file data25.txt (compact mmCIF, C-alpha atoms)
# COMPACT_ATOMS: atom_id res chain seq x y z
CA ALA A 1467 1.77 104.15 95.10
CA ILE A 1468 4.35 104.23 92.29
CA PRO A 1469 6.29 107.29 93.57
CA LEU A 1470 6.20 105.95 97.15
CA LEU A 1471 7.48 102.55 96.09
CA VAL A 1472 10.20 103.85 93.78
CA TYR A 1473 11.49 106.92 95.61
CA VAL A 1474 10.78 106.14 99.27
CA LEU A 1475 11.08 102.35 99.48
CA GLU A 1476 13.51 102.10 96.54
CA VAL A 1477 11.61 99.33 94.80
CA ALA A 1478 12.59 98.76 91.17
CA PRO A 1479 10.10 100.50 88.82
CA ARG A 1480 9.03 97.31 87.04
CA GLU A 1481 8.44 95.53 90.35
CA ALA A 1482 6.59 98.59 91.66
CA VAL A 1483 4.15 98.27 88.76
CA GLY A 1484 2.88 94.90 89.99
CA VAL A 1485 2.77 95.92 93.66
CA SER A 1486 0.87 99.10 92.81
CA LEU A 1487 -1.73 97.33 90.70
CA ALA A 1488 -2.33 94.60 93.29
CA ALA A 1489 -2.54 96.96 96.26
CA VAL A 1490 -4.63 99.64 94.56
CA GLY A 1491 -6.99 97.04 93.09
CA ALA A 1492 -7.60 95.37 96.47
CA THR A 1493 -8.14 98.72 98.17
CA ALA A 1494 -10.52 99.86 95.44
CA ALA A 1495 -12.56 96.65 95.83
CA VAL A 1496 -13.22 97.47 99.49
CA GLY A 1497 -14.18 101.05 98.64
CA PHE A 1498 -16.42 99.96 95.78
CA LEU A 1499 -18.48 97.67 98.02
CA GLN A 1500 -19.01 100.53 100.49
CA ARG A 1501 -20.06 103.02 97.81
CA TRP A 1502 -22.20 100.47 95.97
CA ARG A 1503 -24.24 99.77 99.10
CA ARG A 1504 -24.94 103.50 99.36
CA GLY A 1505 -26.10 103.66 95.72
CA GLU A 1506 -23.29 105.99 94.62
CA VAL A 1507 -21.91 103.81 91.80
CA GLU A 1508 -23.15 104.14 88.21
CA MET A 1509 -22.95 100.44 87.38
CA VAL A 1510 -23.67 100.41 83.63
CA THR A 1511 -21.14 103.14 82.83
CA GLY A 1512 -18.60 101.63 85.19
CA LEU A 1513 -18.90 98.10 83.76
CA LEU A 1514 -18.63 99.38 80.18
CA PHE A 1515 -15.52 101.30 81.09
CA ALA A 1516 -14.09 98.37 83.08
CA VAL A 1517 -14.57 95.76 80.34
CA ALA A 1518 -12.85 98.03 77.83
CA GLY A 1519 -10.07 98.77 80.32
CA MET A 1520 -9.52 95.06 81.04
CA ALA A 1521 -9.05 94.52 77.31
CA GLY A 1522 -6.39 97.23 77.15
CA ALA A 1523 -4.44 96.40 80.33
CA PRO A 1524 -2.61 93.32 78.96
CA GLY A 1525 -1.41 95.37 75.99
CA GLY A 1526 0.00 98.01 78.31
CA ALA A 1527 1.72 95.39 80.47
CA TRP A 1528 3.27 93.79 77.38
CA LEU A 1529 4.43 97.17 76.00
CA GLY A 1530 5.99 98.13 79.33
CA ARG A 1531 8.45 95.23 79.08
CA PHE A 1532 10.12 96.87 76.08
CA LEU A 1533 10.48 100.41 77.45
CA PRO A 1534 13.45 101.59 79.55
CA GLU A 1535 12.58 102.30 83.19
CA THR A 1536 13.53 105.97 82.74
CA ALA A 1537 11.06 106.27 79.87
CA LEU A 1538 8.32 104.71 82.00
CA LEU A 1539 8.90 107.18 84.84
CA LEU A 1540 9.06 110.21 82.52
CA GLY A 1541 5.90 109.16 80.70
CA PHE A 1542 4.13 108.58 84.01
CA ALA A 1543 5.11 112.05 85.29
CA GLY A 1544 4.09 113.78 82.07
CA LEU A 1545 0.69 112.12 82.01
CA MET A 1546 0.01 113.10 85.63
CA VAL A 1547 0.86 116.75 84.99
CA LEU A 1548 -1.38 116.85 81.92
CA VAL A 1549 -4.38 115.40 83.78
CA ALA A 1550 -3.87 117.61 86.85
CA VAL A 1551 -3.66 120.85 84.86
CA ARG A 1552 -6.77 120.06 82.86
CA MET A 1553 -8.84 119.11 85.92
CA TRP A 1554 -7.79 122.28 87.75
CA ARG A 1555 -8.71 124.50 84.79
CA LYS A 1556 -12.07 122.81 84.32
CA ALA A 1557 -12.91 123.18 88.03
CA ARG A 1558 -12.18 126.93 87.86
CA SER A 1559 -13.67 127.75 84.46
CA ARG A 1560 -16.74 125.48 84.58
CA PRO A 1561 -17.42 124.44 88.20
CA GLU A 1562 -20.95 123.35 87.32
CA GLU A 1563 -19.47 120.47 85.31
CA THR A 1564 -18.00 118.96 88.48
CA LEU A 1565 -21.56 118.33 89.62
CA ALA A 1566 -23.07 116.93 86.40
CA VAL A 1567 -23.29 117.71 82.69
CA ARG A 1568 -26.85 117.52 81.42
CA ALA A 1569 -28.44 118.15 78.05
CA ALA A 1570 -32.01 118.82 77.01
CA LEU A 1571 -33.92 115.71 75.98
CA ASP A 1572 -34.99 117.34 72.72
CA ALA A 1573 -31.45 118.24 71.62
CA PRO A 1574 -30.47 116.62 68.30
CA ASP A 1575 -28.21 113.60 68.64
CA GLU A 1576 -25.64 115.16 66.32
CA SER A 1577 -25.17 118.31 68.40
CA GLY A 1578 -23.45 118.86 71.72
CA PRO A 1579 -21.17 116.41 73.53
CA THR A 1580 -21.13 112.78 72.48
CA CYS A 1581 -22.31 111.60 75.92
CA ARG A 1582 -25.10 113.58 77.53
CA ARG A 1583 -27.44 113.28 80.48
CA ASP A 1584 -31.12 113.97 80.90
CA PRO A 1585 -32.37 116.58 83.39
CA GLU A 1586 -32.38 113.92 86.13
CA GLY A 1587 -28.69 113.23 85.52
CA LYS A 1588 -29.12 109.78 83.91
CA LEU A 1589 -26.65 109.01 81.12
CA ARG A 1590 -28.16 108.64 77.66
CA LEU A 1591 -26.13 105.65 76.48
CA THR A 1592 -26.39 105.99 72.70
CA SER A 1593 -24.24 103.95 70.32
CA ARG A 1594 -21.94 106.95 69.80
CA CYS A 1595 -21.57 107.43 73.54
CA ALA A 1596 -20.92 103.73 74.15
CA SER A 1597 -18.28 103.70 71.41
CA LEU A 1598 -16.54 106.74 72.88
CA LEU A 1599 -16.50 105.29 76.39
CA GLY A 1600 -15.20 102.00 75.00
CA VAL A 1601 -12.27 103.71 73.26
CA VAL A 1602 -11.46 105.79 76.33
CA GLY A 1603 -11.74 102.68 78.51
CA VAL A 1604 -9.28 100.71 76.37
CA THR A 1605 -6.85 103.64 76.44
CA THR A 1606 -7.16 103.80 80.22
CA GLY A 1607 -6.48 100.08 80.44
CA VAL A 1608 -3.33 100.42 78.35
CA LEU A 1609 -2.09 103.23 80.59
CA SER A 1610 -2.89 101.16 83.68
CA GLY A 1611 -0.95 98.16 82.44
CA LEU A 1612 1.91 100.32 81.19
CA PHE A 1613 2.44 102.56 84.21
CA GLY A 1614 1.23 100.24 86.97
CA VAL A 1615 -1.64 102.42 88.10
CA GLY A 1616 -5.12 101.25 88.97
CA GLY A 1617 -6.16 104.11 86.74
CA GLY A 1618 -7.92 106.35 89.26
CA PHE A 1619 -6.10 109.51 88.24
CA VAL A 1620 -7.04 108.75 84.61
CA ILE A 1621 -10.45 107.11 85.14
CA VAL A 1622 -11.93 109.87 87.31
CA PRO A 1623 -11.12 112.67 84.82
CA ALA A 1624 -12.25 110.44 81.94
CA LEU A 1625 -15.63 109.80 83.58
CA VAL A 1626 -16.03 113.51 84.30
CA PHE A 1627 -14.91 114.72 80.86
CA PHE A 1628 -16.41 112.07 78.59
CA SER A 1629 -19.53 110.81 80.39
CA GLY A 1630 -20.57 114.06 82.07
CA MET A 1631 -20.53 112.41 85.49
CA GLY A 1632 -20.31 114.52 88.65
CA ILE A 1633 -16.97 114.34 90.47
CA HIS A 1634 -18.37 112.61 93.59
CA ARG A 1635 -20.13 109.92 91.54
CA ALA A 1636 -17.10 109.57 89.26
CA VAL A 1637 -14.88 108.83 92.26
CA ALA A 1638 -17.30 106.13 93.45
CA THR A 1639 -17.74 104.59 89.98
CA SER A 1640 -14.00 104.63 89.35
CA LEU A 1641 -13.52 102.18 92.22
CA LEU A 1642 -15.41 99.50 90.28
CA VAL A 1643 -13.32 100.19 87.18
CA ILE A 1644 -10.05 100.24 89.13
CA THR A 1645 -10.83 96.91 90.79
CA LEU A 1646 -11.44 95.08 87.53
CA VAL A 1647 -8.72 96.80 85.47
CA SER A 1648 -6.15 96.24 88.22
CA ALA A 1649 -7.06 92.55 88.40
CA SER A 1650 -6.54 92.29 84.66
CA GLY A 1651 -3.20 94.09 84.90
CA VAL A 1652 -1.89 91.94 87.76
CA GLY A 1653 -2.96 88.77 85.98
CA SER A 1654 -1.13 89.93 82.85
CA ILE A 1655 2.06 90.67 84.78
CA LEU A 1656 2.01 87.28 86.53
CA ALA A 1657 1.32 85.53 83.23
CA LEU A 1658 4.21 87.32 81.52
CA THR A 1659 6.46 86.40 84.45
CA ALA A 1660 5.45 82.77 84.15
CA ALA A 1661 6.02 82.84 80.39
CA SER A 1662 9.57 84.09 80.95
CA GLY A 1663 10.32 80.99 83.03
CA SER A 1664 10.28 82.64 86.47
CA GLY A 1665 7.02 81.03 87.53
CA ALA A 1666 3.76 82.89 88.20
CA GLY A 1667 4.15 85.01 91.31
CA ALA A 1668 7.76 83.94 91.90
CA GLY A 1669 9.66 86.73 93.63
CA PHE A 1670 6.57 88.93 93.85
CA PRO A 1671 6.68 91.02 97.08
CA TRP A 1672 3.38 89.83 98.53
CA ALA A 1673 4.22 91.04 102.07
CA LEU A 1674 4.87 94.59 100.88
CA THR A 1675 1.66 94.47 98.87
CA GLY A 1676 -0.25 93.42 102.00
CA TRP A 1677 1.02 96.46 103.91
CA PHE A 1678 -0.06 98.73 101.07
CA VAL A 1679 -3.53 97.18 101.04
CA GLY A 1680 -3.95 97.67 104.80
CA GLY A 1681 -2.86 101.29 104.66
CA GLY A 1682 -4.97 101.92 101.57
CA VAL A 1683 -8.17 100.62 103.18
CA LEU A 1684 -7.60 102.85 106.22
CA GLY A 1685 -6.85 105.86 104.03
CA MET A 1686 -9.91 105.25 101.88
CA GLY A 1687 -12.19 105.41 104.91
CA LEU A 1688 -10.67 108.71 105.98
CA GLY A 1689 -10.81 110.09 102.44
CA THR A 1690 -14.46 109.14 102.00
CA ALA A 1691 -15.41 111.03 105.16
CA LEU A 1692 -13.46 114.09 104.01
CA ALA A 1693 -14.94 114.03 100.49
CA ARG A 1694 -18.48 114.40 101.87
CA LYS A 1695 -17.50 117.78 103.32
CA LEU A 1696 -16.15 119.19 100.05
CA ALA A 1697 -18.11 120.75 97.21
CA GLY A 1698 -17.57 119.38 93.70
CA PRO A 1699 -15.19 122.11 92.40
CA ARG A 1700 -13.09 122.03 95.59
CA LEU A 1701 -12.84 118.24 95.48
CA GLN A 1702 -11.75 118.33 91.83
CA GLN A 1703 -9.08 120.95 92.58
CA LEU A 1704 -7.86 118.89 95.54
CA PHE A 1705 -7.69 115.87 93.26
CA ALA A 1706 -5.55 117.85 90.79
CA LEU A 1707 -3.19 118.99 93.56
CA ALA A 1708 -2.88 115.42 94.83
CA ILE A 1709 -1.81 114.30 91.36
CA LEU A 1710 0.89 116.98 91.21
CA GLY A 1711 1.95 116.07 94.75
CA ARG A 1712 2.45 112.45 93.67
CA LYS A 1713 4.64 113.60 90.78
CA SER A 1714 6.74 115.75 93.14

call {"tool": "encode", "arguments": {"input": "data25.txt", "output": "structure tokens"}}
result
Amino acid sequence: AIPLLVYVLEVAPREAVGVSLAAVGATAAVGFLQRWRRGEVEMVTGLLFAVAGMAGAPGGAWLGRFLPETALLLGFAGLMVLVAVRMWRKARSRPEETLAVRAALDAPDESGPTCRRDPEGKLRLTSRCASLLGVVGVTTGVLSGLFGVGGGFVIVPALVFFSGMGIHRAVATSLLVITLVSASGVGSILALTAASGSGAGAGFPWALTGWFVGGGVLGMGLGTALARKLAGPRLQQLFALAILGRKS
């Protein structure tokens, strides 16, 4: 949404942040309800991530007010490239990890990845794992508030890398996180606007946001149908290419 708003519709970067968060959050809410009814969302992991992200989003929104718009755009582009390259490499080098990362139940808690799954794919939410996901969630929230993203391109890789979640389930779970983190980010932006004397929501392009929501809901339905036809590694590589395409 950010590149489309800034480079195609010529919306100011700071204004694009609020539009992006509102539109992506509303679209994600629709997608989450669909995936949740089909049992594809990992609720406990998603809520833990979302609560931490909601705590970080206001900090990112506040920090973004002090950075030049050029710095915001350059930081956004650099982050997208970093995430895309890592996801592509992981899909090629370890395609099995796009399906799920599991560990033996008898493995010592001190060995292996911090977050592991049992042979059935259920996350073993130890205190170390919960702490790690909390830190990653807060970081994701800061990035969401700072760059005006719902966090999908950060949340999906984070769920895959840090919680061992399969790519398909990570996409579904990320919709819950995006919905809540985006709501926190939009609320922070409107509150900061009100604090500056402009009035909450004053001058906010609600009509443009509505068009983005409508298009996003339609696109999500088409994307969900396509995702079912793709294997985990191919979907992860497509996700990486989409990130680079957004940067371009």

call {"tool": "closest_residue", "arguments": {"input": "data25.txt", "among": "A:Gly1519, A:Gly1497, A:Pro1479, A:Gly1651", "to": "A:Val1679", "atoms": "only C-alpha atoms"}}
result
A:Gly1497

call {"tool": "closest_residue", "arguments": {"input": "data25.txt", "among": "A:Ala1516, A:Val1652, A:Val1474, A:Val1551", "to": "A:Leu1704", "atoms": "all atoms listed in the file"}}
result
A:Val1551

call {"tool": "atom_distance", "arguments": {"input": "data25.txt", "atom1": "atom CA of A:Gly1491", "atom2": "atom CA of A:Leu1539"}}
result
20.6 Å

call {"tool": "closest_atom_pairs", "arguments": {"input": "data25.txt", "of": "stretch 1581-1617 of chain A", "to": "stretch 1623-1636 of chain A", "cutoff": "8 Å", "atoms": "all atoms listed in the file", "output": "tab-separated table"}}
result
residue	atom	partner	partner_atom	distance
A:Cys1581	CA	A:Ser1629	CA	5.3
A:Arg1582	CA	A:Gly1630	CA	6.4
A:Arg1583	CA	A:Gly1630	CA	7.1
A:Leu1589	CA	A:Ser1629	CA	7.4
A:Cys1595	CA	A:Ser1629	CA	7.9
A:Leu1598	CA	A:Phe1628	CA	7.8
A:Leu1599	CA	A:Phe1628	CA	7.1
A:Val1602	CA	A:Ala1624	CA	7.3

call {"tool": "write_last_selection", "arguments": {"input": "data25.txt", "atoms": "C-alpha atoms", "output": "CSV table (one decimal), keeping the file's coordinate frame"}}
result
chain,number,residue,atom,x,y,z
A,1581,CYS,CA,-22.3,111.6,75.9
A,1582,ARG,CA,-25.1,113.6,77.5
A,1583,ARG,CA,-27.4,113.3,80.5
A,1589,LEU,CA,-26.6,109.0,81.1
A,1595,CYS,CA,-21.6,107.4,73.5
A,1598,LEU,CA,-16.5,106.7,72.9
A,1599,LEU,CA,-16.5,105.3,76.4
A,1602,VAL,CA,-11.5,105.8,76.3

call {"tool": "atom_distance", "arguments": {"input": "data25.txt", "atom1": "atom CA of A:Gly1512", "atom2": "atom CA of A:Phe1705"}}
result
19.7 Å

call {"tool": "atom_distance", "arguments": {"input": "data25.txt", "atom1": "atom CA of A:Ala1495", "atom2": "atom CA of A:Ala1691"}}
result
17.4 Å

call {"tool": "closest_residue", "arguments": {"input": "data25.txt", "among": "A:Val1622, A:Ala1527, A:Ala1660, A:Ala1708", "to": "A:Phe1515", "atoms": "only C-alpha atoms"}}
result
A:Val1622

call {"tool": "closest_residue", "arguments": {"input": "data25.txt", "among": "A:Val1490, A:Leu1707, A:Leu1688, A:Ala1478", "to": "A:Gly1676", "atoms": "all atoms listed in the file"}}
result
A:Val1490

call {"tool": "closest_residue", "arguments": {"input": "data25.txt", "among": "A:Val1620, A:Leu1641, A:Ala1492, A:Leu1471", "to": "A:Arg1552", "atoms": "all atoms listed in the file"}}
result
A:Val1620

call {"tool": "residues_around", "arguments": {"input": "data25.txt", "residues": "A:Trp1502", "least_positions_apart": "3", "cutoff": "12 Å", "atoms": "all atoms listed in the file", "output": "tab-separated table (two decimals) with C-alpha atoms, in the frame of the given file"}}
result
chain	number	residue	atom	x	y	z
A	1494	ALA	CA	-10.52	99.86	95.44
A	1495	ALA	CA	-12.56	96.65	95.83
A	1496	VAL	CA	-13.22	97.47	99.49
A	1497	GLY	CA	-14.18	101.05	98.64
A	1498	PHE	CA	-16.42	99.96	95.78
A	1499	LEU	CA	-18.48	97.67	98.02
A	1505	GLY	CA	-26.10	103.66	95.72
A	1506	GLU	CA	-23.29	105.99	94.62
A	1507	VAL	CA	-21.91	103.81	91.80
A	1508	GLU	CA	-23.15	104.14	88.21
A	1509	MET	CA	-22.95	100.44	87.38
A	1512	GLY	CA	-18.60	101.63	85.19
A	1635	ARG	CA	-20.13	109.92	91.54
A	1637	VAL	CA	-14.88	108.83	92.26
A	1638	ALA	CA	-17.30	106.13	93.45
A	1639	THR	CA	-17.74	104.59	89.98
A	1640	SER	CA	-14.00	104.63	89.35
A	1641	LEU	CA	-13.52	102.18	92.22
A	1642	LEU	CA	-15.41	99.50	90.28

call {"tool": "closest_residue", "arguments": {"input": "data25.txt", "among": "A:Val1643, A:Leu1684, A:Ala1657, A:Phe1613", "to": "A:Leu1540", "atoms": "all atoms listed in the file"}}
result
A:Phe1613
